[in-house]
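Beneath this line is the structure, given in structure tokens, with notes to follow.
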Amino acid sequence: MSIKRIGILTAGGDCPGLNAVVRAVSKNALTHGIEVFGFKNGFDGLVRNEFIRITNETVSGILTVGGTILGSSNIANPFKYTLAPFGTPENPRNLSDVVMHNFKENMLDALIAVGGDGTLHMAQKFVEMGMPIVAVPKTIDNDLSATDQTFGFDSALHIATEAIDRLHTTAQSHHRVMIVETMGRYAGWIALRSAIAGGGDIVLIPEIPYNDEVIVKYILNRKSKGKTFSIVVAAEGAQNEQGETSVARTVAGSTDAIRLGGIANKISNMIEEKTGIESRACVLGHTQRGGTPTAFDRWLSTLYGTKALDMVLEGKFGYMAAFRSFAMSEVKIADAISNLKRVNPHGAEVRAALEVGMSFGSREIG
Ligand code: F6P
């Protein structure tokens with residue numbers, strides 16, 4: 001099948017490197033004489049038929065720029081559409097037929113969907129409806145099992161690590177406990193790797209339930225050894241032994257409506273109350289998703305984009321570009337979404353953290 005016209009969209013929470021993927025896909029496609037339609041705001045662009053015609057000028061100079069020139073949305077779900085004027089949170093509508101219609105109307109031969117877990121689920125449903133889709137995995141959370149690393153994660157990791165470095169000096173000066181809250185949803189990758197890289201003392205991750213008393217004991221033990229400050233890195237999805245997490249809000253229409261958040265304040269208050277040591281919470285939030293991508297993410301995004309276009313040319317529809325053992329490969333989208341990649345509590349990374357004296361605030365692990 002000859003490919004003459006493709007669409008590309010970026011969906012879900014944004015992350016550094018999206019523009020680099022759009023650039024790589026577009027430059028390669030244009031070189032092959034393929035027209036590129038850039039749909040606005042994820043699948044919303046296909047619902048509303050809003051797109052830009054991408055030229056070499058459109059993608060010139062965007063390699064280093066964070067965010068996405070196409071816009072993104074993590075609430076525009078065509079299968080449960082809640083946005084005005086077509087739907088409401090109370091009356092979500094299935095507009096998947098509209099998406100299929102617009103795809104055909106624009107005479108597109110393929111769609112490249114760049115997104116995380118939620119986007120891949122939608123992409124798979126459209127594949128089952130007959131849309132030729134190649135997916136590219138994106139998320140700062142790094143929680144997709146079929147790929148060693150998603151682009152965006154390295155940039156988020158650098159931001160979190162720099163924050164921990166900076167918090168060290170102020171914690172030391174004021175003899176405080178600083179609790180830094182990282183993103184990551186139900187996976188502890190950003191927290192664990194930034195805590196290892198930044199020399200955090202305690203790290204709380206969703207995969208290893210914490211216990212308040214273990215945290216308190218560890219901090220008081222540090223104090224008794226003359227260490228007058230401590231750094232706690234808490235993943236937003238960390239849970240205690242009772243399975244309680246901190247939920248900040250719910251977002252109607254989103255594939256995962258729960259927005260985690262609040263753990264840093266909770267732990268800070270608990271530590272101050274039980275140890276008498278002054279504590280402060282620092283929530284990194286969306287700073288982890290903003291700004292320029294790291295060199296690694298620019299490189300990885302360019303490889304992902306190039307691979308995705310190759311897959312379109314080869315007719316590998318229903319597949320996702322994957323990065324495994326430092327090489328590009330491909331996996332079925334259906335397999336990529338079958339389970340999340342989470343930290344192994346008994347794996348090498350957790351062991352390395354324990355070996356350098358870190359605590360997970362856990363009775364079982366340490
Ligand atoms: O999946 C990416 C992510 O940044 C998560 O780490 C976080 O839980 C969530 O998105 C935040 O979403 P929102 O942009 O809706 O606040």
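Residue numbering restarts at 1 in every chain; chains get A, B, ... in the order shown in the structure tokens, and ligands count up from 1 in that same order.
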From a backbone DSSP assignment, name each residue in stretch 26-155 of chain A labelled strand (DSSP E or B), as a tab-separated table (two decimals) with all heavy atoms, in the first residue's frame.
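New file part_39.tsv:
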```tsv
chain	number	residue	atom	x	y	z
A	35	GLU	N	2.25	13.70	2.86
A	35	GLU	CA	1.67	14.87	3.53
A	35	GLU	C	1.41	14.52	5.00
A	35	GLU	O	1.04	13.39	5.33
A	35	GLU	CB	0.32	15.22	2.90
A	35	GLU	CG	0.43	15.86	1.54
A	35	GLU	CD	-0.97	16.20	1.04
A	35	GLU	OE1	-1.55	17.20	1.50
A	35	GLU	OE2	-1.48	15.41	0.23
A	36	VAL	N	1.58	15.53	5.87
A	36	VAL	CA	1.38	15.29	7.30
A	36	VAL	C	0.33	16.24	7.87
A	36	VAL	O	0.48	17.46	7.79
A	36	VAL	CB	2.71	15.44	8.09
A	36	VAL	CG1	2.51	15.02	9.55
A	36	VAL	CG2	3.83	14.63	7.45
A	37	PHE	N	-0.71	15.64	8.46
A	37	PHE	CA	-1.75	16.41	9.15
A	37	PHE	C	-1.48	16.31	10.65
A	37	PHE	O	-1.48	15.19	11.21
A	37	PHE	CB	-3.15	15.83	8.89
A	37	PHE	CG	-3.73	16.12	7.54
A	37	PHE	CD1	-2.95	16.14	6.39
A	37	PHE	CD2	-5.09	16.38	7.42
A	37	PHE	CE1	-3.50	16.40	5.15
A	37	PHE	CE2	-5.65	16.65	6.18
A	37	PHE	CZ	-4.86	16.67	5.04
A	38	GLY	N	-1.27	17.43	11.30
A	38	GLY	CA	-1.06	17.42	12.75
A	38	GLY	C	-2.36	17.76	13.46
A	38	GLY	O	-2.83	18.90	13.42
A	39	PHE	N	-2.98	16.75	14.08
A	39	PHE	CA	-4.27	16.98	14.74
A	39	PHE	C	-4.07	17.66	16.09
A	39	PHE	O	-3.14	17.32	16.83
A	39	PHE	CB	-5.05	15.67	14.88
A	39	PHE	CG	-5.63	15.24	13.57
A	39	PHE	CD1	-4.92	14.39	12.73
A	39	PHE	CD2	-6.84	15.76	13.14
A	39	PHE	CE1	-5.42	14.03	11.50
A	39	PHE	CE2	-7.35	15.41	11.90
A	39	PHE	CZ	-6.65	14.54	11.07
A	51	PHE	N	-6.86	20.50	12.52
A	51	PHE	CA	-5.49	20.06	12.27
A	51	PHE	C	-4.69	21.16	11.60
A	51	PHE	O	-5.26	22.15	11.12
A	51	PHE	CB	-5.48	18.80	11.37
A	51	PHE	CG	-6.21	18.98	10.07
A	51	PHE	CD1	-5.59	19.56	8.97
A	51	PHE	CD2	-7.54	18.58	9.95
A	51	PHE	CE1	-6.28	19.73	7.78
A	51	PHE	CE2	-8.24	18.76	8.76
A	51	PHE	CZ	-7.59	19.34	7.66
A	52	ILE	N	-3.37	21.01	11.61
A	52	ILE	CA	-2.54	21.89	10.81
A	52	ILE	C	-1.81	21.04	9.77
A	52	ILE	O	-1.54	19.86	10.02
A	52	ILE	CB	-1.51	22.68	11.68
A	52	ILE	CG1	-0.67	21.73	12.55
A	52	ILE	CG2	-2.18	23.73	12.52
A	52	ILE	CD1	0.50	22.39	13.23
A	53	ARG	N	-1.53	21.61	8.63
A	53	ARG	CA	-0.74	20.91	7.61
A	53	ARG	C	0.72	21.16	7.97
A	53	ARG	O	1.17	22.31	7.94
A	53	ARG	CB	-1.06	21.44	6.21
A	53	ARG	CG	-2.55	21.33	5.86
A	53	ARG	CD	-2.96	19.89	5.60
A	53	ARG	NE	-2.49	19.44	4.31
A	53	ARG	CZ	-3.22	19.47	3.20
A	53	ARG	NH1	-4.46	19.90	3.22
A	53	ARG	NH2	-2.72	19.06	2.06
A	54	ILE	N	1.45	20.11	8.32
A	54	ILE	CA	2.83	20.29	8.78
A	54	ILE	C	3.78	20.37	7.58
A	54	ILE	O	3.74	19.51	6.69
A	54	ILE	CB	3.23	19.15	9.74
A	54	ILE	CG1	2.34	19.20	10.99
A	54	ILE	CG2	4.71	19.27	10.13
A	54	ILE	CD1	2.68	18.16	12.05
A	81	TYR	N	-16.91	11.06	25.47
A	81	TYR	CA	-16.58	12.46	25.23
A	81	TYR	C	-17.40	13.37	26.14
A	81	TYR	O	-18.64	13.32	26.15
A	81	TYR	CB	-16.83	12.79	23.76
A	81	TYR	CG	-16.14	14.03	23.31
A	81	TYR	CD1	-14.80	14.02	22.98
A	81	TYR	CD2	-16.84	15.24	23.22
A	81	TYR	CE1	-14.16	15.17	22.56
A	81	TYR	CE2	-16.20	16.39	22.80
A	81	TYR	CZ	-14.86	16.34	22.47
A	81	TYR	OH	-14.22	17.47	22.06
A	93	ARG	N	-20.46	11.09	25.62
A	93	ARG	CA	-20.96	10.48	24.39
A	93	ARG	C	-19.87	9.69	23.68
A	93	ARG	O	-18.69	10.02	23.77
A	93	ARG	CB	-21.49	11.58	23.46
A	93	ARG	CG	-22.79	12.17	23.98
A	93	ARG	CD	-23.29	13.25	23.07
A	93	ARG	NE	-23.51	12.78	21.70
A	93	ARG	CZ	-23.55	13.59	20.66
A	93	ARG	NH1	-23.42	14.89	20.81
A	93	ARG	NH2	-23.75	13.11	19.44
A	110	ALA	N	-2.75	6.60	7.38
A	110	ALA	CA	-2.28	6.08	8.68
A	110	ALA	C	-2.33	7.21	9.71
A	110	ALA	O	-2.34	8.39	9.36
A	110	ALA	CB	-0.85	5.57	8.55
A	111	LEU	N	-2.36	6.78	10.97
A	111	LEU	CA	-2.29	7.74	12.08
A	111	LEU	C	-1.16	7.33	13.01
A	111	LEU	O	-1.04	6.15	13.36
A	111	LEU	CB	-3.62	7.75	12.87
A	111	LEU	CG	-3.64	8.68	14.09
A	111	LEU	CD1	-3.72	10.14	13.66
A	111	LEU	CD2	-4.79	8.34	15.03
A	112	ILE	N	-0.35	8.30	13.40
A	112	ILE	CA	0.66	8.05	14.44
A	112	ILE	C	0.14	8.69	15.72
A	112	ILE	O	-0.06	9.91	15.78
A	112	ILE	CB	2.05	8.59	14.03
A	112	ILE	CG1	2.56	7.81	12.81
A	112	ILE	CG2	3.03	8.49	15.20
A	112	ILE	CD1	3.93	8.20	12.31
A	113	ALA	N	-0.12	7.86	16.73
A	113	ALA	CA	-0.66	8.34	18.00
A	113	ALA	C	0.45	8.31	19.04
A	113	ALA	O	0.97	7.24	19.36
A	113	ALA	CB	-1.83	7.47	18.44
A	114	VAL	N	0.81	9.49	19.53
A	114	VAL	CA	1.87	9.59	20.53
A	114	VAL	C	1.21	9.81	21.89
A	114	VAL	O	0.54	10.82	22.09
A	114	VAL	CB	2.82	10.77	20.19
A	114	VAL	CG1	4.04	10.74	21.12
A	114	VAL	CG2	3.25	10.73	18.73
A	115	GLY	N	1.38	8.87	22.79
A	115	GLY	CA	0.71	9.04	24.08
A	115	GLY	C	1.08	7.98	25.08
A	115	GLY	O	1.88	7.08	24.80
A	133	ILE	N	-3.14	2.37	12.77
A	133	ILE	CA	-2.43	3.21	13.75
A	133	ILE	C	-1.08	2.61	14.11
A	133	ILE	O	-0.95	1.41	14.32
A	133	ILE	CB	-3.26	3.36	15.05
A	133	ILE	CG1	-4.57	4.09	14.77
A	133	ILE	CG2	-2.47	4.12	16.12
A	133	ILE	CD1	-5.42	4.36	16.01
A	134	VAL	N	-0.08	3.49	14.20
A	134	VAL	CA	1.20	3.14	14.82
A	134	VAL	C	1.31	4.03	16.06
A	134	VAL	O	1.03	5.23	15.99
A	134	VAL	CB	2.39	3.40	13.86
A	134	VAL	CG1	3.71	3.37	14.61
A	134	VAL	CG2	2.40	2.34	12.75
A	135	ALA	N	1.68	3.45	17.20
A	135	ALA	CA	1.74	4.22	18.44
A	135	ALA	C	3.18	4.48	18.85
A	135	ALA	O	4.09	3.71	18.53
A	135	ALA	CB	1.00	3.47	19.55
A	136	VAL	N	3.37	5.59	19.55
A	136	VAL	CA	4.67	5.93	20.12
A	136	VAL	C	4.45	6.18	21.61
A	136	VAL	O	3.59	7.00	21.97
A	136	VAL	CB	5.28	7.19	19.45
A	136	VAL	CG1	6.60	7.55	20.09
A	136	VAL	CG2	5.46	6.97	17.95
A	137	PRO	N	5.19	5.47	22.48
A	137	PRO	CA	4.93	5.59	23.93
A	137	PRO	C	5.56	6.82	24.54
A	137	PRO	O	6.74	7.08	24.38
A	137	PRO	CB	5.59	4.32	24.49
A	137	PRO	CG	6.71	4.03	23.54
A	137	PRO	CD	6.28	4.53	22.19
A	138	LYS	N	4.75	7.56	25.25
A	138	LYS	CA	5.19	8.79	25.92
A	138	LYS	C	4.70	8.80	27.35
A	138	LYS	O	3.55	8.48	27.59
A	138	LYS	CB	4.61	9.98	25.15
A	138	LYS	CG	4.49	11.24	25.90
A	138	LYS	CD	3.06	11.69	26.24
A	138	LYS	CE	2.27	10.80	27.14
A	138	LYS	NZ	1.22	11.44	27.92
A	144	LEU	N	5.22	1.99	31.16
A	144	LEU	CA	4.74	1.08	30.11
A	144	LEU	C	5.67	-0.13	30.01
A	144	LEU	O	6.88	0.02	29.81
A	144	LEU	CB	4.66	1.82	28.78
A	144	LEU	CG	3.60	2.93	28.73
A	144	LEU	CD1	3.69	3.71	27.43
A	144	LEU	CD2	2.21	2.36	28.90
A	151	PHE	N	10.12	8.25	26.29
A	151	PHE	CA	10.77	9.56	26.30
A	151	PHE	C	10.00	10.47	27.27
A	151	PHE	O	8.82	10.27	27.51
A	151	PHE	CB	10.87	10.15	24.89
A	151	PHE	CG	9.55	10.54	24.29
A	151	PHE	CD1	9.04	11.81	24.50
A	151	PHE	CD2	8.83	9.65	23.52
A	151	PHE	CE1	7.83	12.19	23.96
A	151	PHE	CE2	7.61	10.01	22.99
A	151	PHE	CZ	7.11	11.28	23.21
```
Could you list, as a short mmCIF file (atom, residue, chain, number, x, y, z; two decimals) with C-alpha atoms, in the first residue's frame, all residues that come within 6 Å of ligand 1? Count only C-alpha atoms and all ligand atoms.
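Dumped to out-v2.cif:
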```cif
data_model
loop_
_atom_site.label_atom_id
_atom_site.label_comp_id
_atom_site.auth_asym_id
_atom_site.auth_seq_id
_atom_site.Cartn_x
_atom_site.Cartn_y
_atom_site.Cartn_z
CA GLY A 13 -0.24 14.58 29.79
CA THR A 139 5.10 9.38 29.65
CA ILE A 140 7.31 10.81 32.37
CA ASP A 141 6.05 7.94 34.54
CA MET A 183 4.90 12.42 40.00
CA GLY A 184 4.69 8.91 38.53
CA ARG A 185 1.11 7.72 39.18
CA ARG A 259 -5.18 12.63 40.24
CA LEU A 260 -2.81 11.69 43.02
#
```
List as a tab-separated table every residue of stretch 197-247 of chain A that is in contact with stretch 154-177 of chain A, defined as an atom at most 8 Å from one of its atoms (using only C-alpha atoms), together with the nearest atom pair and the distance in Å rounded to one decimal, sorted by chain and then rising number.
```
residue	atom	partner	partner_atom	distance
A:Ala197	CA	A:Thr161	CA	6.3
A:Gly198	CA	A:Thr161	CA	5.2
A:Gly199	CA	A:Ile164	CA	7.8
A:Gly200	CA	A:Ile164	CA	7.2
A:Thr228	CA	A:His175	CA	5.0
A:Phe229	CA	A:His175	CA	4.7
A:Ser230	CA	A:Val177	CA	4.7
A:Ile231	CA	A:Val177	CA	5.8
A:Val232	CA	A:Val177	CA	7.3
```
For this session: Name the closest residue to A:Ile190 among the candidates A:Leu303, A:Val283, A:Val343, A:Tyr319; distances are taken between atoms, counting only C-alpha atoms.
Result: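 Of all the options, A:Val343 lies closest to A:Ile190.
Residues lying within 12 Å of A:Lys316, counting only C-alpha atoms and ignoring same-chain neighbours fewer than 4 positions away, are A:Met1, A:Ala110, A:Leu111, A:Ile112, A:Val127, A:Met131, A:Pro132, A:Ile133, A:Val134, A:Ala135, A:Lys307, A:Ala308, A:Leu309, A:Asp310, A:Met311, A:Val312, A:Met320, A:Ala321, A:Ser329, A:Glu330, A:Val331, A:Lys332, A:Ile333.
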Export of the given selection (N, CA, C and O atoms) as a tab-separated table (two decimals), in the first residue's frame:
```tsv
chain	number	residue	atom	x	y	z
A	1	MET	N	0.85	-1.20	0.00
A	1	MET	CA	0.00	0.00	0.00
A	1	MET	C	0.88	1.25	0.00
A	1	MET	O	1.82	1.35	0.81
A	110	ALA	N	-2.75	6.60	7.38
A	110	ALA	CA	-2.28	6.08	8.68
A	110	ALA	C	-2.33	7.21	9.71
A	110	ALA	O	-2.34	8.39	9.36
A	111	LEU	N	-2.36	6.78	10.97
A	111	LEU	CA	-2.29	7.74	12.08
A	111	LEU	C	-1.16	7.33	13.01
A	111	LEU	O	-1.04	6.15	13.36
A	112	ILE	N	-0.35	8.30	13.40
A	112	ILE	CA	0.66	8.05	14.44
A	112	ILE	C	0.14	8.69	15.72
A	112	ILE	O	-0.06	9.91	15.78
A	127	VAL	N	-7.88	0.78	16.47
A	127	VAL	CA	-7.29	-0.28	15.63
A	127	VAL	C	-8.34	-1.37	15.40
A	127	VAL	O	-8.55	-1.84	14.27
A	131	MET	N	-8.86	1.33	12.09
A	131	MET	CA	-7.97	2.45	11.77
A	131	MET	C	-6.51	1.99	11.78
A	131	MET	O	-6.08	1.33	12.73
A	132	PRO	N	-5.74	2.32	10.73
A	132	PRO	CA	-4.33	1.92	10.70
A	132	PRO	C	-3.47	2.84	11.59
A	132	PRO	O	-3.14	3.96	11.19
A	133	ILE	N	-3.14	2.37	12.77
A	133	ILE	CA	-2.43	3.21	13.75
A	133	ILE	C	-1.08	2.61	14.11
A	133	ILE	O	-0.95	1.41	14.32
A	134	VAL	N	-0.08	3.49	14.20
A	134	VAL	CA	1.20	3.14	14.82
A	134	VAL	C	1.31	4.03	16.06
A	134	VAL	O	1.03	5.23	15.99
A	135	ALA	N	1.68	3.45	17.20
A	135	ALA	CA	1.74	4.22	18.44
A	135	ALA	C	3.18	4.48	18.85
A	135	ALA	O	4.09	3.71	18.53
A	307	LYS	N	11.44	5.59	13.81
A	307	LYS	CA	10.94	4.20	13.81
A	307	LYS	C	9.44	4.17	13.47
A	307	LYS	O	8.99	3.31	12.70
A	308	ALA	N	8.69	5.10	14.04
A	308	ALA	CA	7.23	5.11	13.80
A	308	ALA	C	6.94	5.30	12.31
A	308	ALA	O	6.06	4.63	11.76
A	309	LEU	N	7.68	6.21	11.68
A	309	LEU	CA	7.43	6.42	10.24
A	309	LEU	C	7.83	5.18	9.45
A	309	LEU	O	7.12	4.76	8.52
A	310	ASP	N	8.94	4.55	9.83
A	310	ASP	CA	9.34	3.29	9.17
A	310	ASP	C	8.22	2.26	9.28
A	310	ASP	O	7.90	1.55	8.32
A	311	MET	N	7.63	2.17	10.47
A	311	MET	CA	6.56	1.19	10.70
A	311	MET	C	5.34	1.49	9.83
A	311	MET	O	4.69	0.59	9.30
A	312	VAL	N	5.03	2.78	9.67
A	312	VAL	CA	3.92	3.16	8.77
A	312	VAL	C	4.23	2.69	7.36
A	312	VAL	O	3.39	2.08	6.69
A	320	MET	N	3.25	-0.69	18.35
A	320	MET	CA	3.86	0.47	19.01
A	320	MET	C	5.38	0.38	18.86
A	320	MET	O	5.95	-0.71	18.98
A	321	ALA	N	6.01	1.50	18.59
A	321	ALA	CA	7.47	1.53	18.58
A	321	ALA	C	7.96	1.33	20.01
A	321	ALA	O	7.38	1.89	20.95
A	329	SER	N	12.52	-1.40	18.51
A	329	SER	CA	11.80	-2.60	18.08
A	329	SER	C	10.31	-2.26	18.05
A	329	SER	O	9.94	-1.09	18.15
A	330	GLU	N	9.47	-3.27	17.92
A	330	GLU	CA	8.03	-3.01	17.85
A	330	GLU	C	7.26	-4.08	18.62
A	330	GLU	O	7.68	-5.24	18.67
A	331	VAL	N	6.16	-3.65	19.24
A	331	VAL	CA	5.30	-4.59	19.97
A	331	VAL	C	3.86	-4.28	19.62
A	331	VAL	O	3.55	-3.14	19.25
A	332	LYS	N	2.99	-5.26	19.76
A	332	LYS	CA	1.57	-5.01	19.53
A	332	LYS	C	1.06	-4.02	20.59
A	332	LYS	O	1.42	-4.17	21.77
A	333	ILE	N	0.24	-3.07	20.18
A	333	ILE	CA	-0.31	-2.12	21.15
A	333	ILE	C	-1.06	-2.90	22.23
A	333	ILE	O	-0.96	-2.60	23.42
```
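Straight-line separation from atom CA of A:Gly33 to atom CA of A:Ala295: 29.0 Å.
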Exercise. Can you list, as a ChimeraX atom specification, every protein, DNA or RNA residue that comes within 8 Å of A:Val233 when you count only C-alpha atoms, leaving out same-chain residues fewer than 6 positions away?
Worked result: /A:179-182,191-192,195,200-204
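The space separating atom CA of A:His286 from atom CA of A:Arg23 comes to 23.4 Å.
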Exercise. Which distance in Å separates atom CA of A:Trp299 and atom CA of A:Ile34, to one decimal?
Worked result: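 Taking atom CA of A:Trp299 and atom CA of A:Ile34, their separation equals 23.3 Å.
Residues within 6 Å of A:Thr82, counting only C-alpha atoms and excluding same-chain residues fewer than 3 positions away, are Gly87, Thr88, Pro89, Pro92 and Gly253 of chain A.
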Selected residues, all heavy atoms, written as a PDB file, in the first residue's frame, please.
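Generated output (again-v3.pdb):
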```
ATOM      1  N   GLY A  87     -20.546  16.993  24.361  1.00  0.00           N
ATOM      2  CA  GLY A  87     -20.815  16.135  25.517  1.00  0.00           C
ATOM      3  C   GLY A  87     -20.677  16.925  26.802  1.00  0.00           C
ATOM      4  O   GLY A  87     -20.236  18.078  26.792  1.00  0.00           O
ATOM      5  N   THR A  88     -21.037  16.307  27.898  1.00  0.00           N
ATOM      6  CA  THR A  88     -20.860  16.923  29.222  1.00  0.00           C
ATOM      7  C   THR A  88     -20.372  15.824  30.153  1.00  0.00           C
ATOM      8  O   THR A  88     -20.555  14.631  29.869  1.00  0.00           O
ATOM      9  CB  THR A  88     -22.193  17.468  29.787  1.00  0.00           C
ATOM     10  OG1 THR A  88     -23.087  16.354  29.951  1.00  0.00           O
ATOM     11  CG2 THR A  88     -22.830  18.506  28.890  1.00  0.00           C
ATOM     12  N   PRO A  89     -19.776  16.193  31.305  1.00  0.00           N
ATOM     13  CA  PRO A  89     -19.349  15.161  32.255  1.00  0.00           C
ATOM     14  C   PRO A  89     -20.521  14.281  32.702  1.00  0.00           C
ATOM     15  O   PRO A  89     -20.361  13.097  32.958  1.00  0.00           O
ATOM     16  CB  PRO A  89     -18.789  15.976  33.423  1.00  0.00           C
ATOM     17  CG  PRO A  89     -18.361  17.262  32.812  1.00  0.00           C
ATOM     18  CD  PRO A  89     -19.336  17.534  31.705  1.00  0.00           C
ATOM     19  N   PRO A  92     -21.580  11.757  28.977  1.00  0.00           N
ATOM     20  CA  PRO A  92     -20.493  11.482  28.033  1.00  0.00           C
ATOM     21  C   PRO A  92     -21.010  10.751  26.800  1.00  0.00           C
ATOM     22  O   PRO A  92     -21.903   9.919  26.913  1.00  0.00           O
ATOM     23  CB  PRO A  92     -19.540  10.591  28.848  1.00  0.00           C
ATOM     24  CG  PRO A  92     -20.292  10.143  30.040  1.00  0.00           C
ATOM     25  CD  PRO A  92     -21.528  10.956  30.187  1.00  0.00           C
ATOM     26  N   GLY A 253     -13.990  12.401  32.608  1.00  0.00           N
ATOM     27  CA  GLY A 253     -13.660  12.208  31.190  1.00  0.00           C
ATOM     28  C   GLY A 253     -12.295  11.602  30.974  1.00  0.00           C
ATOM     29  O   GLY A 253     -12.033  11.003  29.940  1.00  0.00           O
TER      30      GLY A 253
END
```
For this session: Kindly indicate which residue among A:Val216, A:Ala234, A:Met100, A:Val356 lies nearest to A:Lys274, using only C-alpha atoms for the distances.
Result: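 Of the candidates, the smallest distance to A:Lys274 is held by A:Val216.
Look at A:Lys80: the protein and nucleic acid residues within 12 Å of it, using only C-alpha atoms and passing over chain neighbours fewer than 2 places away, are Phe43, Asp44, Val47, Ile75, Ala76, Asn77, Pro78, Thr82, Leu83, Phe86, Gly87, Thr88, Pro89, Glu90, Asn91, Pro92, Arg93, Asn94, Leu95, Ser96, Met122, Ala252, Gly253, Ser254 and Thr255 of chain A.
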Problem set entry | Contacts of A:Pro293 within 7 Å, only C-alpha atoms, excl. fewer than 3 positions in-chain, as a ChimeraX atom specification | /A:16-17,64,66,155,297-298
Mind writing the picked residues with N, CA, C and O atoms as a compact mmCIF listing (two decimals), in the first residue's frame?
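Resulting contents of out.txt:
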```txt
# COMPACT_ATOMS: atom_id res chain seq x y z
N PRO A 16 8.48 16.46 28.00
CA PRO A 16 9.55 16.90 27.12
C PRO A 16 9.89 15.82 26.09
O PRO A 16 10.01 14.64 26.45
N GLY A 17 10.02 16.23 24.83
CA GLY A 17 10.37 15.28 23.77
C GLY A 17 9.25 15.08 22.77
O GLY A 17 9.48 14.53 21.68
N THR A 64 14.31 21.27 20.58
CA THR A 64 14.71 21.54 21.97
C THR A 64 13.58 22.11 22.81
O THR A 64 13.76 22.39 23.99
N GLY A 66 10.12 22.25 24.88
CA GLY A 66 9.22 21.37 25.65
C GLY A 66 7.78 21.49 25.17
O GLY A 66 7.47 22.27 24.27
N SER A 155 14.00 13.44 31.32
CA SER A 155 13.92 14.87 31.64
C SER A 155 13.30 15.07 33.02
O SER A 155 13.79 15.88 33.83
N ASP A 297 16.58 12.47 25.99
CA ASP A 297 15.20 12.45 25.51
C ASP A 297 15.08 12.98 24.08
O ASP A 297 14.23 12.52 23.31
N ARG A 298 15.92 13.95 23.72
CA ARG A 298 15.89 14.45 22.33
C ARG A 298 16.33 13.33 21.38
O ARG A 298 15.76 13.13 20.31
```
For this session: Report the residues of stretch 69-161 of chain A whose backbone DSSP state falls under alpha helix (DSSP H), written as a count of residues only.
Result: 31
Exercise. Which one of A:Gly305, A:Ala235, A:Met178, A:Gly315 sits closest to A:Ile277 if you count only C-alpha atoms?
Worked result: A:Met178
